[in-house]
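S.K.: Have a look at the structure that comes next, please.
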Amino acid sequence: MKKLILVLFIMATLSCTSQKFEAKRVNNFEINNLIGNITAFKTYTLTDNIVKIVIIKNLAGSAKNKESGEVSNNMYISKCEFGELPICKLQLLEDLININIEKVYEDKTNIKIDITSGNYNQRKSNTILISMP
């Protein structure tokens with residue numbers, strides 16, 4: 001009886017096939033460029049919101065340093081409320097150099113993102129405010 005069950009089990013598993021996935025080519029230049037140049041993606045879960053930050057590199061030489069081909073970055077910040085139909089806001093900061101996200105937090109009126117950016121000898125600290133709701 002055990003051998004019969006084993007044979008039936010083996011026959012059943014051999015006849016199974018997995019799903020076939022086929023990747024579709026995306027020919028949208030803007031999306032290809034955006035996704036292809038992502039250098040960092042971070043998600044921060046706060047008390048009432050989710051903040052997602054995507055850093056995208058720009059073209060070579062965009063940092064405008066004469067002695068190097070250094071690139072600047074754009075930082076996209078998405079803030080979404082928790083819930084079934086979340087309301088989201090998207091913010092864009094352009095042409096930042098060497099972005100470092102120090103801290104993401106919220107108080108009663110704003111989401112605050114502390115960043116540092118700039119060349120090594122000219123680093124600046126900034127706080128980005130995103131109003132709630």
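Each chain in the structure tokens gets a letter, A, B, ..., in the order shown, and its residues are numbered from 1; ligands are numbered from 1 in order too.
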Which polymer residues have any atom within 6 Å of an atom of Lys112 of chain A, counting only C-alpha atoms, with same-chain residues fewer than 4 positions away left out, as JSON, numbers by chain?

M.R.: {"A": [104, 105, 106, 128, 129]}

S.K.: Which neighbours of Val54 of chain A fall inside 9 Å, counting only C-alpha atoms, when residues of the same chain fewer than 6 positions from it are skipped, and could you give them as a list of chain:residue names?

M.R.: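 Those residues are A:Ile38, A:Thr39, A:Ala40, A:Phe41, A:Lys42, A:Thr43, A:Asn74, A:Met75, A:Tyr76, A:Ile77, A:Ser78.
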
S.K.: In Å, rounded to a single decimal, give me how far atom CA of Ile130 of chain A is from atom CA of Ile97 of chain A.

M.R.: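 Atom-to-atom, atom CA of Ile97 of chain A to atom CA of Ile130 of chain A, that is 21.1 Å.
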
S.K.: Chain A: which residues are helix (DSSP H, G or I) by DSSP, as a list in words?

M.R.: Lys2, Lys3, Leu4, Ile5, Leu6, Val7, Leu8, Phe9, Ile10, Met11, Ala12, Thr13, Leu14, Phe29, Glu30, Ile31, Asn32, Asn33, Leu34, Ile35, Gly36, Tyr120, Asn121 and Gln122 of chain A

S.K.: Would you pick out the contacts of Asn33 of chain A at 12 Å or less, using only C-alpha atoms, so that residues sharing its chain but fewer than 4 positions from it are not included, and give the list as a ChimeraX atom specification?

M.R.: /A:26-29,37-38,56-59

S.K.: If you keep N, CA and C atoms, can you produce a file of those selected residues as a compact mmCIF listing (two decimals), in the first residue's frame?

M.R.:
# COMPACT_ATOMS: atom_id res chain seq x y z
N VAL A 26 9.95 47.36 -21.81
CA VAL A 26 9.36 48.69 -21.63
C VAL A 26 10.17 49.66 -22.48
N ASN A 27 9.51 50.33 -23.41
CA ASN A 27 10.20 51.22 -24.35
C ASN A 27 10.00 52.69 -24.03
N ASN A 28 9.62 53.02 -22.81
CA ASN A 28 9.43 54.41 -22.41
C ASN A 28 10.78 54.96 -21.94
N PHE A 29 11.34 55.92 -22.68
CA PHE A 29 12.67 56.45 -22.38
C PHE A 29 12.76 57.05 -20.98
N ASN A 37 18.82 54.83 -13.35
CA ASN A 37 19.75 55.71 -12.64
C ASN A 37 19.46 55.83 -11.15
N ILE A 38 18.67 54.93 -10.59
CA ILE A 38 18.42 54.94 -9.15
C ILE A 38 19.70 54.55 -8.43
N ILE A 56 18.21 59.71 -7.54
CA ILE A 56 18.50 59.45 -8.94
C ILE A 56 19.74 60.25 -9.34
N LYS A 57 20.69 59.60 -10.03
CA LYS A 57 21.87 60.35 -10.48
C LYS A 57 21.55 61.06 -11.79
N ASN A 58 22.15 62.23 -11.96
CA ASN A 58 22.00 63.03 -13.18
C ASN A 58 23.14 62.71 -14.14
N LEU A 59 23.23 63.46 -15.22
CA LEU A 59 24.26 63.25 -16.23
C LEU A 59 25.66 63.56 -15.70

S.K.: Which residues are near Asp107 of chain A? Cut-off 12 Å, only C-alpha atoms, ignore same chain within fewer than 3 positions. Put them as a PyMOL selection string.

M.R.: chain A and resi 46-49+104+110-113+129-133
